[in-house]
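Notes to accompany the following structure.
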Amino acid sequence: MSGDGTRCVWGGHSPGAVGDAAHPGPVLSATFDLGLPHDPQPEYFYGRAGNPTWRAYEVAVGDLEGGECVAFASGMAALSTVMRLCARPGTAVVLPSDGYYIGRLVASEELAPMDVEVREFGTAGAWEPLNGASLVLLETPSNPGLEVCDIRAIAEAAHAAGALVAVDNTTATPLGQKPLPLGADFVIASDTKALAGHGDVVLGHVTCADPILAGRVRAARTRSGAIPGPMETWLAHRGLGTLDLRLERQAKNAHALVQALLGHPAASDVRWPGLPSDPSHAVASRQMRRWNGILRFTLPSAEAVGEFLAASRLVSSSTSFGGLQTSADRRARWGDAVPPGLLRLSAGCEDTDDLVADVLGALDAVRV
């Protein structure tokens, strides 16, 4: 299987015997039959250590990313596990100053007190120095700024300095970008977003290029108990089947919205890596396979954001992204160092003409 759509639909699904369920449900049991005392330990023996529903999902995601996948209870469980696993006293952790803010909190409040130096660089800036680092964490395109960095170049520099490289791939998705072939050691994502795609689960994963690293990540998950629920994993696997279709519509809608926003006086600083004139486009086009539905723009004030959201019928106010419905989030409310009126907008799967008309109408309600 080579096509994105085929791999999304069939990934992790094994041929069954005659009479088996064509769409098997989640395995909800916390315990499994161990057999007699002298029997070999089975693959599944306790719900914190393994579950067939996790395994099916991990096979599907790992195939898309080109590595060995380990599912987690959330994207932050995945991210914090990698950070804690790689950070060592006397070394440094390097991460983006403009990436997801809770990642920076983990570094400053949990790693720094353990004699781990925390270095921050802007995603689109110069990532140096890297000497003494044990982990370099990238987020590209970044959240919420949608800045882009060169994964291959930074991975080469990080490896030369003796550091491992993790890439938060949440905004790009496994279809939009494959960090492992570009040199990353880990891919991290919040599957709550586009991968599951329906806003009804909280889930995450880590995919590793090296099976030994994957074993360490899996062991850390078992020890910490940061395990996903079988039902949530099953729902994410079901959502993965339509990722190819959803991403195509979301990218189409994002492109149309960007064109509309660029011509409206209420919107400024419109950013989307898929736009040829975007500052990040040159680097993004070299390492991204497909565009996504996440864009950003700035309205004159926080009050203007309220006017925009109140006037829109199709844009919901929520703090996640990648779902079926278009949503927008004023990121300054969470403490991001961005203008008060900056909105991260996640284009959904609505009809393009309906969505553009709705957004333009809502922008017309903003007092400039």
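All residue names refer to the structure tokens as shown: chains lettered A, B, ... in order, residues numbered from 1 in each chain, ligands numbered from 1 in order.
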Please report as a tab-separated table every residue of range 133-191 of chain A lying within 12 Å of range 323-330 of chain A, along with the nearest atom pair and their distance in Å (one decimal), using only C-alpha atoms.
residue	atom	partner	partner_atom	distance
A:Asn143	CA	A:Asp329	CA	11.3
A:Pro144	CA	A:Asp329	CA	9.4
A:Gly145	CA	A:Arg330	CA	11.9
A:Thr171	CA	A:Gly323	CA	11.7
A:Asp191	CA	A:Gly323	CA	10.9
Every residue of range 43-204 of chain A that DSSP places in helix (DSSP H, G or I), as JSON, numbers by chain | {"A": [52, 53, 54, 55, 56, 57, 58, 59, 60, 61, 62, 63, 64, 65, 75, 76, 77, 78, 79, 80, 81, 82, 83, 84, 85, 86, 101, 102, 103, 104, 105, 106, 107, 108, 109, 110, 111, 112, 113, 114, 151, 152, 153, 154, 155, 156, 157, 158, 159, 160, 173, 174, 175, 176, 180, 181, 182]}
List the neighbours of Thr298 in chain A out to 8 Å using only C-alpha atoms; skip same-chain residues closer than 3 positions along the sequence, and give me the result as a ChimeraX atom specification.
-> /A:267-270,339,341-343
Which polymer residues have any atom within 8 Å of an atom of range 86-93 of chain A, counting only C-alpha atoms, with same-chain residues fewer than 3 positions away left out, as a list in words?
-> Val82, Met83, Ala107, Leu111, Met114, Asp115, Val116, Glu117, Val118, Arg119, Gly132, Ala133, Ser134, Leu135, Val136, Leu137 and Leu164 of chain A
Near Gly99 in chain A, within 12 Å and counting only C-alpha atoms, which residues show up once chain neighbours fewer than 3 positions away are dropped, as a PDB file with N, CA, C and O atoms, in the first residue's frame?
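And here's around_2.pdb as it stands now:
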ATOM      1  N   VAL A  94      16.932  21.812  24.509  1.00  0.00           N
ATOM      2  CA  VAL A  94      16.738  22.950  23.621  1.00  0.00           C
ATOM      3  C   VAL A  94      15.343  22.850  23.018  1.00  0.00           C
ATOM      4  O   VAL A  94      14.958  21.790  22.502  1.00  0.00           O
ATOM      5  N   LEU A  95      14.580  23.930  23.086  1.00  0.00           N
ATOM      6  CA  LEU A  95      13.212  23.892  22.592  1.00  0.00           C
ATOM      7  C   LEU A  95      12.792  25.260  22.056  1.00  0.00           C
ATOM      8  O   LEU A  95      13.445  26.272  22.329  1.00  0.00           O
ATOM      9  N   PRO A  96      11.693  25.307  21.292  1.00  0.00           N
ATOM     10  CA  PRO A  96      11.282  26.578  20.683  1.00  0.00           C
ATOM     11  C   PRO A  96      10.656  27.535  21.695  1.00  0.00           C
ATOM     12  O   PRO A  96       9.832  27.134  22.522  1.00  0.00           O
ATOM     13  N   ILE A 102       2.958  24.733  27.158  1.00  0.00           N
ATOM     14  CA  ILE A 102       3.080  23.785  28.262  1.00  0.00           C
ATOM     15  C   ILE A 102       4.376  22.991  28.149  1.00  0.00           C
ATOM     16  O   ILE A 102       4.953  22.573  29.156  1.00  0.00           O
ATOM     17  N   GLY A 103       4.878  22.803  26.934  1.00  0.00           N
ATOM     18  CA  GLY A 103       6.191  22.174  26.784  1.00  0.00           C
ATOM     19  C   GLY A 103       7.271  22.985  27.466  1.00  0.00           C
ATOM     20  O   GLY A 103       8.180  22.430  28.117  1.00  0.00           O
ATOM     21  N   ARG A 104       7.183  24.307  27.346  1.00  0.00           N
ATOM     22  CA  ARG A 104       8.158  25.164  28.013  1.00  0.00           C
ATOM     23  C   ARG A 104       7.994  25.102  29.530  1.00  0.00           C
ATOM     24  O   ARG A 104       8.974  25.193  30.281  1.00  0.00           O
ATOM     25  N   LEU A 105       6.756  24.946  30.009  1.00  0.00           N
ATOM     26  CA  LEU A 105       6.532  24.822  31.449  1.00  0.00           C
ATOM     27  C   LEU A 105       7.154  23.549  31.999  1.00  0.00           C
ATOM     28  O   LEU A 105       7.741  23.554  33.093  1.00  0.00           O
ATOM     29  N   GLU A 120      16.141  28.250  24.838  1.00  0.00           N
ATOM     30  CA  GLU A 120      15.014  28.489  23.938  1.00  0.00           C
ATOM     31  C   GLU A 120      15.459  29.322  22.738  1.00  0.00           C
ATOM     32  O   GLU A 120      16.207  30.285  22.888  1.00  0.00           O
ATOM     33  N   PHE A 121      14.975  28.917  21.560  1.00  0.00           N
ATOM     34  CA  PHE A 121      15.246  29.652  20.327  1.00  0.00           C
ATOM     35  C   PHE A 121      13.953  29.786  19.540  1.00  0.00           C
ATOM     36  O   PHE A 121      13.096  28.898  19.582  1.00  0.00           O
ATOM     37  N   GLY A 122      13.820  30.887  18.806  1.00  0.00           N
ATOM     38  CA  GLY A 122      12.669  31.050  17.936  1.00  0.00           C
ATOM     39  C   GLY A 122      12.697  30.020  16.819  1.00  0.00           C
ATOM     40  O   GLY A 122      13.758  29.703  16.271  1.00  0.00           O
ATOM     41  N   THR A 123      11.527  29.485  16.483  1.00  0.00           N
ATOM     42  CA  THR A 123      11.461  28.414  15.485  1.00  0.00           C
ATOM     43  C   THR A 123      12.146  28.800  14.184  1.00  0.00           C
ATOM     44  O   THR A 123      12.887  28.002  13.588  1.00  0.00           O
ATOM     45  N   ALA A 124      11.925  30.013  13.709  1.00  0.00           N
ATOM     46  CA  ALA A 124      12.486  30.440  12.433  1.00  0.00           C
ATOM     47  C   ALA A 124      13.866  31.075  12.583  1.00  0.00           C
ATOM     48  O   ALA A 124      14.423  31.574  11.604  1.00  0.00           O
ATOM     49  N   LEU A 137      14.212  19.787  20.800  1.00  0.00           N
ATOM     50  CA  LEU A 137      12.798  19.636  20.474  1.00  0.00           C
ATOM     51  C   LEU A 137      12.390  20.707  19.470  1.00  0.00           C
ATOM     52  O   LEU A 137      12.559  21.900  19.726  1.00  0.00           O
ATOM     53  N   LEU A 138      11.845  20.279  18.339  1.00  0.00           N
ATOM     54  CA  LEU A 138      11.352  21.188  17.312  1.00  0.00           C
ATOM     55  C   LEU A 138       9.837  21.091  17.227  1.00  0.00           C
ATOM     56  O   LEU A 138       9.243  20.059  17.560  1.00  0.00           O
ATOM     57  N   GLU A 139       9.228  22.163  16.783  1.00  0.00           N
ATOM     58  CA  GLU A 139       7.785  22.177  16.532  1.00  0.00           C
ATOM     59  C   GLU A 139       7.571  22.953  15.240  1.00  0.00           C
ATOM     60  O   GLU A 139       7.739  24.173  15.222  1.00  0.00           O
ATOM     61  N   THR A 140       7.264  22.213  14.170  1.00  0.00           N
ATOM     62  CA  THR A 140       7.230  22.867  12.875  1.00  0.00           C
ATOM     63  C   THR A 140       6.165  22.243  11.983  1.00  0.00           C
ATOM     64  O   THR A 140       6.174  21.024  11.797  1.00  0.00           O
ATOM     65  N   PRO A 141       5.208  23.038  11.488  1.00  0.00           N
ATOM     66  CA  PRO A 141       4.939  24.436  11.814  1.00  0.00           C
ATOM     67  C   PRO A 141       4.599  24.600  13.297  1.00  0.00           C
ATOM     68  O   PRO A 141       3.956  23.755  13.890  1.00  0.00           O
ATOM     69  N   SER A 142       5.039  25.726  13.844  1.00  0.00           N
ATOM     70  CA  SER A 142       4.878  25.950  15.273  1.00  0.00           C
ATOM     71  C   SER A 142       3.437  26.312  15.615  1.00  0.00           C
ATOM     72  O   SER A 142       2.663  26.739  14.767  1.00  0.00           O
ATOM     73  N   ASN A 143       3.119  26.139  16.876  1.00  0.00           N
ATOM     74  CA  ASN A 143       1.778  26.431  17.386  1.00  0.00           C
ATOM     75  C   ASN A 143       1.897  27.508  18.463  1.00  0.00           C
ATOM     76  O   ASN A 143       2.543  27.264  19.482  1.00  0.00           O
ATOM     77  N   PRO A 144       1.342  28.711  18.247  1.00  0.00           N
ATOM     78  CA  PRO A 144       0.358  29.065  17.214  1.00  0.00           C
ATOM     79  C   PRO A 144       0.913  29.870  16.039  1.00  0.00           C
ATOM     80  O   PRO A 144       0.174  30.218  15.139  1.00  0.00           O
ATOM     81  N   GLY A 145       2.215  30.185  16.034  1.00  0.00           N
ATOM     82  CA  GLY A 145       2.722  31.152  15.072  1.00  0.00           C
ATOM     83  C   GLY A 145       2.872  30.653  13.654  1.00  0.00           C
ATOM     84  O   GLY A 145       3.019  31.441  12.724  1.00  0.00           O
ATOM     85  N   LEU A 146       2.888  29.294  13.476  1.00  0.00           N
ATOM     86  CA  LEU A 146       3.056  28.683  12.159  1.00  0.00           C
ATOM     87  C   LEU A 146       4.385  29.059  11.517  1.00  0.00           C
ATOM     88  O   LEU A 146       4.489  29.182  10.297  1.00  0.00           O
ATOM     89  N   GLU A 147       5.414  29.210  12.350  1.00  0.00           N
ATOM     90  CA  GLU A 147       6.768  29.364  11.840  1.00  0.00           C
ATOM     91  C   GLU A 147       7.318  27.985  11.503  1.00  0.00           C
ATOM     92  O   GLU A 147       6.854  26.959  12.019  1.00  0.00           O
ATOM     93  N   VAL A 148       8.342  27.963  10.644  1.00  0.00           N
ATOM     94  CA  VAL A 148       8.891  26.695  10.165  1.00  0.00           C
ATOM     95  C   VAL A 148      10.404  26.711  10.316  1.00  0.00           C
ATOM     96  O   VAL A 148      11.045  27.749  10.107  1.00  0.00           O
ATOM     97  N   CYS A 149      10.981  25.562  10.703  1.00  0.00           N
ATOM     98  CA  CYS A 149      12.431  25.424  10.739  1.00  0.00           C
ATOM     99  C   CYS A 149      12.848  24.241   9.887  1.00  0.00           C
ATOM    100  O   CYS A 149      12.039  23.364   9.565  1.00  0.00           O
ATOM    101  N   VAL A 167      10.518  15.938  17.090  1.00  0.00           N
ATOM    102  CA  VAL A 167       9.729  16.902  16.331  1.00  0.00           C
ATOM    103  C   VAL A 167       8.265  16.749  16.693  1.00  0.00           C
ATOM    104  O   VAL A 167       7.693  15.661  16.542  1.00  0.00           O
ATOM    105  N   ASP A 168       7.673  17.829  17.209  1.00  0.00           N
ATOM    106  CA  ASP A 168       6.234  17.858  17.421  1.00  0.00           C
ATOM    107  C   ASP A 168       5.582  18.084  16.058  1.00  0.00           C
ATOM    108  O   ASP A 168       5.701  19.150  15.463  1.00  0.00           O
ATOM    109  N   ASN A 169       4.889  17.067  15.579  1.00  0.00           N
ATOM    110  CA  ASN A 169       4.340  17.057  14.224  1.00  0.00           C
ATOM    111  C   ASN A 169       2.823  17.238  14.221  1.00  0.00           C
ATOM    112  O   ASN A 169       2.158  16.913  13.244  1.00  0.00           O
ATOM    113  N   THR A 170       2.278  17.785  15.311  1.00  0.00           N
ATOM    114  CA  THR A 170       0.823  17.847  15.463  1.00  0.00           C
ATOM    115  C   THR A 170       0.167  18.664  14.368  1.00  0.00           C
ATOM    116  O   THR A 170      -0.859  18.251  13.802  1.00  0.00           O
ATOM    117  N   THR A 171       0.706  19.833  14.064  1.00  0.00           N
ATOM    118  CA  THR A 171       0.044  20.679  13.064  1.00  0.00           C
ATOM    119  C   THR A 171       0.175  20.117  11.658  1.00  0.00           C
ATOM    120  O   THR A 171      -0.711  20.291  10.824  1.00  0.00           O
ATOM    121  N   ARG A 331      -5.056  33.132  21.165  1.00  0.00           N
ATOM    122  CA  ARG A 331      -3.986  32.484  21.902  1.00  0.00           C
ATOM    123  C   ARG A 331      -3.443  33.293  23.069  1.00  0.00           C
ATOM    124  O   ARG A 331      -2.873  32.735  24.013  1.00  0.00           O
ATOM    125  N   GLY A 335      -1.670  32.846  27.595  1.00  0.00           N
ATOM    126  CA  GLY A 335      -0.347  33.284  28.008  1.00  0.00           C
ATOM    127  C   GLY A 335       0.702  33.254  26.923  1.00  0.00           C
ATOM    128  O   GLY A 335       1.874  33.539  27.199  1.00  0.00           O
ATOM    129  N   ASP A 336       0.346  32.891  25.694  1.00  0.00           N
ATOM    130  CA  ASP A 336       1.313  32.957  24.600  1.00  0.00           C
ATOM    131  C   ASP A 336       1.730  34.410  24.384  1.00  0.00           C
ATOM    132  O   ASP A 336       0.909  35.331  24.482  1.00  0.00           O
ATOM    133  N   ALA A 337       2.997  34.610  24.068  1.00  0.00           N
ATOM    134  CA  ALA A 337       3.516  35.961  23.847  1.00  0.00           C
ATOM    135  C   ALA A 337       3.177  36.416  22.435  1.00  0.00           C
ATOM    136  O   ALA A 337       4.040  36.520  21.557  1.00  0.00           O
ATOM    137  N   VAL A 338       1.900  36.665  22.217  1.00  0.00           N
ATOM    138  CA  VAL A 338       1.390  37.076  20.906  1.00  0.00           C
ATOM    139  C   VAL A 338       0.474  38.280  21.099  1.00  0.00           C
ATOM    140  O   VAL A 338       0.020  38.558  22.218  1.00  0.00           O
TER     141      VAL A 338
END
For the atom pair CA of Leu245 in chain A and CA of Thr6 in chain A, what is the interatomic distance in Å to one decimal place?
-> 10.8 Å
Between CA of Thr207 in chain A and CA of Trp272 in chain A, measure the distance and give it in Å to one decimal.
->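 It comes out at 26.0 Å.
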Pick out the closest residue to Val59 in chain A from this set: A:Val217, A:Cys8, A:Leu235, A:Val202. Count only C-alpha atoms.
->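 Of the candidates, the smallest distance to Val59 in chain A is held by A:Cys8.
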If you count only C-alpha atoms, which residues fall within 9 Å of Ala219 in chain A, apart from same-chain ones fewer than 5 positions away, as a ChimeraX atom specification?
-> /A:49,214,224
Generate a file of the selected residues that holds all heavy atoms, formatted as a tab-separated table (two decimals), in the first residue's frame.
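Okay, result-v9.tsv is ready:
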chain	number	residue	atom	x	y	z
A	49	ALA	N	0.24	-2.66	30.61
A	49	ALA	CA	1.42	-3.01	29.84
A	49	ALA	C	1.14	-3.18	28.35
A	49	ALA	O	2.06	-3.04	27.53
A	49	ALA	CB	2.03	-4.30	30.39
A	214	ALA	N	12.26	3.13	21.03
A	214	ALA	CA	10.83	2.83	21.19
A	214	ALA	C	10.60	1.96	22.41
A	214	ALA	O	9.62	2.15	23.15
A	214	ALA	CB	10.29	2.15	19.93
A	224	SER	N	4.95	4.80	34.19
A	224	SER	CA	4.22	6.00	34.62
A	224	SER	C	2.72	5.81	34.59
A	224	SER	O	1.99	6.57	35.23
A	224	SER	CB	4.59	7.18	33.71
A	224	SER	OG	4.08	6.97	32.39
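Distance check against Val356 in chain A using only C-alpha atoms: of A:Arg286, A:Arg271, A:Lys252, A:Arg218, the minimum falls on A:Lys252.
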Write out as a PyMOL selection string each polymer residue whose atoms come within 7 Å of range 50-53 of chain A, counting only C-alpha atoms; drop sequence neighbours fewer than 5 positions from it.
-> chain A and resi 26-27+44+230+233-234
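If you measure from each of A:Trp334, A:Phe72, A:Trp291, A:Tyr100 to Gly176 in chain A using only C-alpha atoms, the closest one turns out to be A:Trp291.
Nearest-residue note for Glu232 in chain A: choosing from A:Ser97, A:Thr352, A:Ser280, A:Thr192, the minimum distance belongs to A:Thr192, counting only C-alpha atoms.
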Distance criterion (only C-alpha atoms): nearest to Ala347 in chain A out of A:Pro265, A:Pro37, A:Pro279, A:Gly197 = A:Gly197
